[in-house]
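Below is one structure, written out as structure tokens; comments come after it.
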Amino acid sequence: MAAGAAAIAALALLSIAYGSTVIALSDVIAALGHAAGLDGDLVPGSVGNIPVAKIIVDLRLPRTIMAICVGAGLGVIGALLQTVTRNDLADPFLFGLSSGAAAGAVSVITIFGDQFGIWTLPVAAFTGGILAAGIVLLLVSRVRGQGPERLILAGLAVSFMFIALTNYLVFAGDQRAAHSVLFWTMGGLGLARWDNVGLAALGAGTILAYALWNHRKLDAFLAGENAAESLGVPVVRMRRTAFLVAAFSTAILVSVAGVIGFVGLMIPHLSRPLAGPLHLRLIASCALFGAVLLLASDLLARTLLPPQELPIGIITSSVGAFFVVTMLIRNRS
């Protein structure tokens, strides 16, 4: 935990310092100290100049905070879904949550336009994610038995349906928006501003609070559904509630950062050897290391191909593919 916190602090400073323009760490620390009210009036020379201070505080700091919130939220969502479905490959992609949010956002970019100003894209993405979750739960309620395999199959079906809808919207809509759609569906933190950082914090805070509050019930799932029921845990109801909370948080996170894959899949597997299987430490570790992964990925996305910015999903998907291959080799041996 201490190493994770130290890594977040170091990566946060580097994330603010590096970008299309490199800013000295001394200027970064001075500007952050001034913004926190730890020094006197800002004068030229204290942080280089006032425009540099504005870049640090108004542009790069909210992006760094959003990376921490989104990474932490996706990491906890992955741990929660893997526990309640008893599937080590569970993440928001598997249940159609991310693809539903993507379809909502792409419909705005290609067809409907900004009907509600800057909030149109987040609202549409949130609506798409919640709609996908509602369809999954409706499908599960219509079949006999509501075990985790039913939830996974329904999620896969809904995921493919919304992926097909997204691809249709890309080809049927304004072709000039294809680049924006491509970047958004692969994820990015370029939309980070002080007025939407609170949304990312809400999404991460909701799933983190729910998981920590129910950590003992989640521990009961580790012994199996029958054992959990005998311990007084309403398994079916809790699985449904956990899915809804995960859908709510995923929709919010996707609405501000786009679709960022593999974070929810990887982070729980990386955290369990260090934190153990019990959820009090596991959830906290997933939040920490999810933030570390997304901060590092965003830093690479901005510095690998200057002056262009890579979609952050390219970085996380590359790391995720290597991680899955490593898991397969290790399990085989």
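A note on labels: chains of the structure tokens are A, B, ... as shown, every chain counts residues from 1, and ligands are counted from 1 in their shown order.
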Name the residues in contact with Asp58 (chain A) at a cut-off of 10 Å, using only C-alpha atoms, excluding same-chain residues fewer than 5 positions from it; report them as a compact mmCIF listing (two decimals) with N, CA and C atoms, in the first residue's frame.
```txt
# COMPACT_ATOMS: atom_id res chain seq x y z
N VAL A 52 2.46 29.26 -17.73
CA VAL A 52 2.89 27.90 -17.37
C VAL A 52 2.10 27.41 -16.16
N ALA A 53 1.91 28.28 -15.19
CA ALA A 53 1.13 27.91 -14.01
C ALA A 53 -0.30 27.55 -14.38
N ARG A 63 -6.47 16.51 -15.41
CA ARG A 63 -6.26 15.27 -16.16
C ARG A 63 -5.63 14.20 -15.27
N ALA A 192 -10.67 15.95 -19.88
CA ALA A 192 -10.61 16.27 -18.45
C ALA A 192 -10.62 17.77 -18.22
N ARG A 193 -11.54 18.23 -17.41
CA ARG A 193 -11.65 19.63 -17.00
C ARG A 193 -12.10 19.65 -15.54
N TRP A 194 -11.96 20.78 -14.92
CA TRP A 194 -12.37 20.87 -13.51
C TRP A 194 -13.88 20.64 -13.36
```
I need the residue nearest Asp219 (chain A) from this list: A:Ala102, A:Val84, A:Val292, A:Val170. Use only C-alpha atoms for the distance.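 Distance minimum relative to Asp219 (chain A) lands on A:Val84.
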Just give me the gap between CA of Val140 (chain A) and CA of Thr250 (chain A) in Å, one decimal is fine. 19.6 Å
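Among A:Val76, A:Leu293, A:Ile130, A:Ala209, the residue with the shortest atom-to-atom distance to Val319 (chain A), counting only C-alpha atoms, is A:Leu293.
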For Leu212 (chain A), which residue out of A:Ser26, A:Ile329, A:Ile283, A:Lys54 is the nearest one, using only C-alpha atoms?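 Counting only C-alpha atoms, the residue closest to Leu212 (chain A) is A:Ile283.
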Let me make sure I understand: among A:Thr85, A:Thr316, A:Thr303, A:Ser285, which one has the smallest atom-to-atom distance to Pro268 (chain A) if we use only C-alpha atoms? A:Ser285
Residue with smallest distance to Met186 (chain A) - pool A:Gly205, A:Gly73, A:Gly37, A:Gly313, counting only C-alpha atoms: A:Gly313
Need the shell around Glu149 (chain A): protein/DNA/RNA residues with any atom at most 12 Å away, counting only C-alpha atoms. Skip same-chain ones fewer than 5 positions apart. Format as a PyMOL selection string? chain A and resi 82+84-87+90+94-95+140+143-144+154-156+239
Residues from the last selection, all heavy atoms, saved as a short mmCIF file (atom, residue, chain, number, x, y, z; two decimals), in the first residue's frame:
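Saved result, part_12.cif, follows:
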```cif
data_model
loop_
_atom_site.label_atom_id
_atom_site.label_comp_id
_atom_site.auth_asym_id
_atom_site.auth_seq_id
_atom_site.Cartn_x
_atom_site.Cartn_y
_atom_site.Cartn_z
N GLN A 82 -15.63 -9.88 -10.69
CA GLN A 82 -15.00 -11.21 -10.65
C GLN A 82 -15.45 -12.00 -9.44
O GLN A 82 -15.57 -13.23 -9.50
CB GLN A 82 -13.48 -11.05 -10.68
CG GLN A 82 -12.92 -10.61 -12.02
CD GLN A 82 -11.43 -10.39 -12.02
OE1 GLN A 82 -10.73 -10.82 -11.11
NE2 GLN A 82 -10.93 -9.67 -13.03
N VAL A 84 -18.50 -11.61 -7.62
CA VAL A 84 -19.92 -11.98 -7.59
C VAL A 84 -20.29 -12.92 -8.73
O VAL A 84 -21.31 -13.62 -8.64
CB VAL A 84 -20.82 -10.72 -7.63
CG1 VAL A 84 -20.58 -9.86 -6.40
CG2 VAL A 84 -20.63 -9.93 -8.91
N THR A 85 -19.50 -12.96 -9.81
CA THR A 85 -19.77 -13.90 -10.90
C THR A 85 -18.88 -15.13 -10.84
O THR A 85 -19.08 -16.06 -11.63
CB THR A 85 -19.57 -13.22 -12.27
OG1 THR A 85 -18.20 -12.82 -12.41
CG2 THR A 85 -20.48 -12.02 -12.42
N ARG A 86 -17.87 -15.12 -9.94
CA ARG A 86 -16.92 -16.23 -9.82
C ARG A 86 -16.28 -16.54 -11.17
O ARG A 86 -16.11 -17.70 -11.56
CB ARG A 86 -17.60 -17.47 -9.24
CG ARG A 86 -18.18 -17.24 -7.85
CD ARG A 86 -18.78 -18.50 -7.25
NE ARG A 86 -17.79 -19.56 -7.13
CZ ARG A 86 -16.90 -19.65 -6.14
NH1 ARG A 86 -16.87 -18.72 -5.19
NH2 ARG A 86 -16.06 -20.66 -6.09
N ASN A 87 -15.91 -15.48 -11.88
CA ASN A 87 -15.27 -15.59 -13.19
C ASN A 87 -14.04 -14.69 -13.19
O ASN A 87 -14.16 -13.47 -13.04
CB ASN A 87 -16.25 -15.17 -14.30
CG ASN A 87 -15.70 -15.46 -15.69
OD1 ASN A 87 -14.53 -15.24 -15.96
ND2 ASN A 87 -16.55 -15.94 -16.56
N ALA A 90 -13.96 -11.62 -15.67
CA ALA A 90 -15.04 -10.63 -15.65
C ALA A 90 -14.47 -9.22 -15.58
O ALA A 90 -13.55 -8.93 -14.82
CB ALA A 90 -15.96 -10.88 -14.47
N LEU A 94 -17.10 -7.44 -20.49
CA LEU A 94 -17.76 -8.73 -20.60
C LEU A 94 -19.28 -8.62 -20.47
O LEU A 94 -20.00 -9.46 -21.00
CB LEU A 94 -17.21 -9.68 -19.53
CG LEU A 94 -17.62 -11.15 -19.60
CD1 LEU A 94 -17.10 -11.79 -20.87
CD2 LEU A 94 -17.13 -11.90 -18.38
N PHE A 95 -19.76 -7.59 -19.80
CA PHE A 95 -21.19 -7.48 -19.52
C PHE A 95 -21.88 -6.40 -20.35
O PHE A 95 -23.01 -6.03 -20.06
CB PHE A 95 -21.40 -7.21 -18.03
CG PHE A 95 -20.90 -8.32 -17.16
CD1 PHE A 95 -19.67 -8.24 -16.55
CD2 PHE A 95 -21.66 -9.46 -16.98
CE1 PHE A 95 -19.20 -9.27 -15.75
CE2 PHE A 95 -21.21 -10.49 -16.19
CZ PHE A 95 -19.97 -10.40 -15.58
N VAL A 140 -31.73 -11.73 -17.97
CA VAL A 140 -31.50 -12.70 -16.89
C VAL A 140 -32.80 -13.04 -16.18
O VAL A 140 -33.05 -14.20 -15.80
CB VAL A 140 -30.45 -12.15 -15.89
CG1 VAL A 140 -30.36 -13.04 -14.66
CG2 VAL A 140 -29.09 -12.05 -16.57
N VAL A 143 -35.05 -15.85 -17.89
CA VAL A 143 -34.62 -17.25 -18.02
C VAL A 143 -34.72 -17.94 -16.66
O VAL A 143 -34.74 -17.29 -15.62
CB VAL A 143 -33.17 -17.33 -18.55
CG1 VAL A 143 -33.08 -16.71 -19.92
CG2 VAL A 143 -32.20 -16.67 -17.60
N ARG A 144 -34.78 -19.25 -16.70
CA ARG A 144 -34.88 -20.03 -15.48
C ARG A 144 -33.51 -20.10 -14.81
O ARG A 144 -32.53 -20.49 -15.43
CB ARG A 144 -35.38 -21.43 -15.80
CG ARG A 144 -35.56 -22.32 -14.58
CD ARG A 144 -36.15 -23.66 -14.98
NE ARG A 144 -37.46 -23.48 -15.64
CZ ARG A 144 -38.13 -24.49 -16.19
NH1 ARG A 144 -37.64 -25.71 -16.18
NH2 ARG A 144 -39.30 -24.25 -16.78
N ALA A 154 -25.75 -13.31 -20.91
CA ALA A 154 -26.56 -12.14 -21.28
C ALA A 154 -25.68 -10.93 -21.54
O ALA A 154 -25.91 -10.17 -22.49
CB ALA A 154 -27.56 -11.84 -20.16
N GLY A 155 -24.64 -10.76 -20.72
CA GLY A 155 -23.72 -9.64 -20.93
C GLY A 155 -22.99 -9.73 -22.25
O GLY A 155 -22.81 -8.73 -22.95
N LEU A 156 -22.54 -10.92 -22.62
CA LEU A 156 -21.86 -11.09 -23.90
C LEU A 156 -22.79 -10.76 -25.06
O LEU A 156 -22.39 -10.10 -26.03
CB LEU A 156 -21.36 -12.53 -24.03
CG LEU A 156 -20.08 -12.88 -23.26
CD1 LEU A 156 -19.81 -14.37 -23.35
CD2 LEU A 156 -18.90 -12.09 -23.83
N ARG A 239 -25.83 -10.14 -6.02
CA ARG A 239 -25.21 -10.15 -7.35
C ARG A 239 -25.87 -9.11 -8.25
O ARG A 239 -25.20 -8.39 -8.99
CB ARG A 239 -25.32 -11.54 -7.96
CG ARG A 239 -24.65 -11.64 -9.33
CD ARG A 239 -24.83 -13.01 -9.94
NE ARG A 239 -24.13 -14.02 -9.17
CZ ARG A 239 -24.71 -15.07 -8.62
NH1 ARG A 239 -26.01 -15.25 -8.77
NH2 ARG A 239 -24.01 -15.95 -7.94
#
```
Any idea what the distance is between CA of Lys217 (chain A) and CA of His269 (chain A)?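 Computing the Euclidean distance for CA of Lys217 (chain A) and CA of His269 (chain A) yields 20.0 Å.
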Which residues of region 273-331 of chain A have any atom within 9 Å of an atom in region 254-266 of chain A when counting only C-alpha atoms, and what is the closest pair of atoms for each, with the distance in Å to one decimal? Order the rows by chain and rising number and write it as CSV.
```
residue,atom,partner,partner_atom,distance
A:Cys286,CA,A:Gly264,CA,8.9
A:Gly290,CA,A:Val263,CA,6.8
A:Leu293,CA,A:Val263,CA,7.7
A:Leu294,CA,A:Val263,CA,8.0
A:Pro311,CA,A:Ile260,CA,8.9
A:Ile312,CA,A:Ile260,CA,6.9
A:Gly313,CA,A:Ile260,CA,4.9
A:Ile314,CA,A:Ile260,CA,8.6
A:Thr316,CA,A:Phe262,CA,6.2
A:Ser317,CA,A:Gly261,CA,6.0
A:Val319,CA,A:Phe262,CA,8.2
A:Gly320,CA,A:Phe262,CA,5.4
A:Ala321,CA,A:Phe262,CA,8.4
A:Phe323,CA,A:Met266,CA,7.2
A:Val324,CA,A:Met266,CA,8.3
```
Output file for the selection above: N, CA and C atoms, as a PDB file, in the first residue's frame:
```pdb
ATOM      1  N   CYS A 286      -6.676  -2.720  -5.218  1.00  0.00           N
ATOM      2  CA  CYS A 286      -7.139  -2.542  -6.599  1.00  0.00           C
ATOM      3  C   CYS A 286      -7.292  -1.062  -6.943  1.00  0.00           C
ATOM      4  N   GLY A 290      -4.858   0.319  -9.729  1.00  0.00           N
ATOM      5  CA  GLY A 290      -5.575   0.791 -10.900  1.00  0.00           C
ATOM      6  C   GLY A 290      -5.201   2.221 -11.242  1.00  0.00           C
ATOM      7  N   LEU A 293      -1.675   2.154 -12.772  1.00  0.00           N
ATOM      8  CA  LEU A 293      -1.670   1.687 -14.152  1.00  0.00           C
ATOM      9  C   LEU A 293      -2.163   2.757 -15.116  1.00  0.00           C
ATOM     10  N   LEU A 294      -3.230   3.460 -14.756  1.00  0.00           N
ATOM     11  CA  LEU A 294      -3.773   4.439 -15.690  1.00  0.00           C
ATOM     12  C   LEU A 294      -2.896   5.687 -15.765  1.00  0.00           C
ATOM     13  N   PRO A 311      -4.485   7.121 -28.202  1.00  0.00           N
ATOM     14  CA  PRO A 311      -5.581   6.705 -27.312  1.00  0.00           C
ATOM     15  C   PRO A 311      -5.033   5.820 -26.202  1.00  0.00           C
ATOM     16  N   ILE A 312      -5.459   6.060 -24.994  1.00  0.00           N
ATOM     17  CA  ILE A 312      -4.906   5.329 -23.854  1.00  0.00           C
ATOM     18  C   ILE A 312      -5.280   3.853 -23.903  1.00  0.00           C
ATOM     19  N   GLY A 313      -6.375   3.528 -24.600  1.00  0.00           N
ATOM     20  CA  GLY A 313      -6.765   2.142 -24.732  1.00  0.00           C
ATOM     21  C   GLY A 313      -5.752   1.297 -25.486  1.00  0.00           C
ATOM     22  N   ILE A 314      -4.970   1.914 -26.367  1.00  0.00           N
ATOM     23  CA  ILE A 314      -3.925   1.174 -27.074  1.00  0.00           C
ATOM     24  C   ILE A 314      -2.882   0.683 -26.079  1.00  0.00           C
ATOM     25  N   THR A 316      -3.253   0.255 -22.671  1.00  0.00           N
ATOM     26  CA  THR A 316      -3.784  -0.729 -21.727  1.00  0.00           C
ATOM     27  C   THR A 316      -4.096  -2.058 -22.415  1.00  0.00           C
ATOM     28  N   SER A 317      -4.547  -2.021 -23.681  1.00  0.00           N
ATOM     29  CA  SER A 317      -4.824  -3.266 -24.395  1.00  0.00           C
ATOM     30  C   SER A 317      -3.531  -4.025 -24.695  1.00  0.00           C
ATOM     31  N   VAL A 319      -0.733  -3.924 -22.881  1.00  0.00           N
ATOM     32  CA  VAL A 319      -0.308  -4.510 -21.608  1.00  0.00           C
ATOM     33  C   VAL A 319      -1.233  -5.671 -21.233  1.00  0.00           C
ATOM     34  N   GLY A 320      -2.539  -5.504 -21.486  1.00  0.00           N
ATOM     35  CA  GLY A 320      -3.490  -6.548 -21.146  1.00  0.00           C
ATOM     36  C   GLY A 320      -3.274  -7.820 -21.949  1.00  0.00           C
ATOM     37  N   ALA A 321      -2.968  -7.695 -23.245  1.00  0.00           N
ATOM     38  CA  ALA A 321      -2.712  -8.875 -24.059  1.00  0.00           C
ATOM     39  C   ALA A 321      -1.495  -9.636 -23.533  1.00  0.00           C
ATOM     40  N   PHE A 323      -0.414  -9.577 -20.526  1.00  0.00           N
ATOM     41  CA  PHE A 323      -0.785 -10.122 -19.221  1.00  0.00           C
ATOM     42  C   PHE A 323      -1.565 -11.425 -19.373  1.00  0.00           C
ATOM     43  N   VAL A 324      -2.524 -11.466 -20.299  1.00  0.00           N
ATOM     44  CA  VAL A 324      -3.326 -12.672 -20.489  1.00  0.00           C
ATOM     45  C   VAL A 324      -2.463 -13.823 -20.987  1.00  0.00           C
TER      46      VAL A 324
END
```
Between CA of Ala3 (chain A) and CA of Leu299 (chain A), what distance in Å does the model show, to one decimal?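 About the pair CA of Ala3 (chain A) and CA of Leu299 (chain A): they are 18.9 Å apart.
Using only C-alpha atoms, the smallest distance between any of A:Ala291, A:Phe93, A:Ala2, A:Val57 and Ala36 (chain A) comes from A:Val57.
Excluding region 158-165 of chain A itself and same-chain residues fewer than 5 positions from it, the residues having an atom within 9 Å of it are Phe93, Leu94, Phe95, Gly96, Leu97, Ser98, Ser99, Gly100, Ala101, Ala102, Ala103, Ala132, Ala133, Ile135, Val136, Leu153 and Val170 of chain A, counting only C-alpha atoms.
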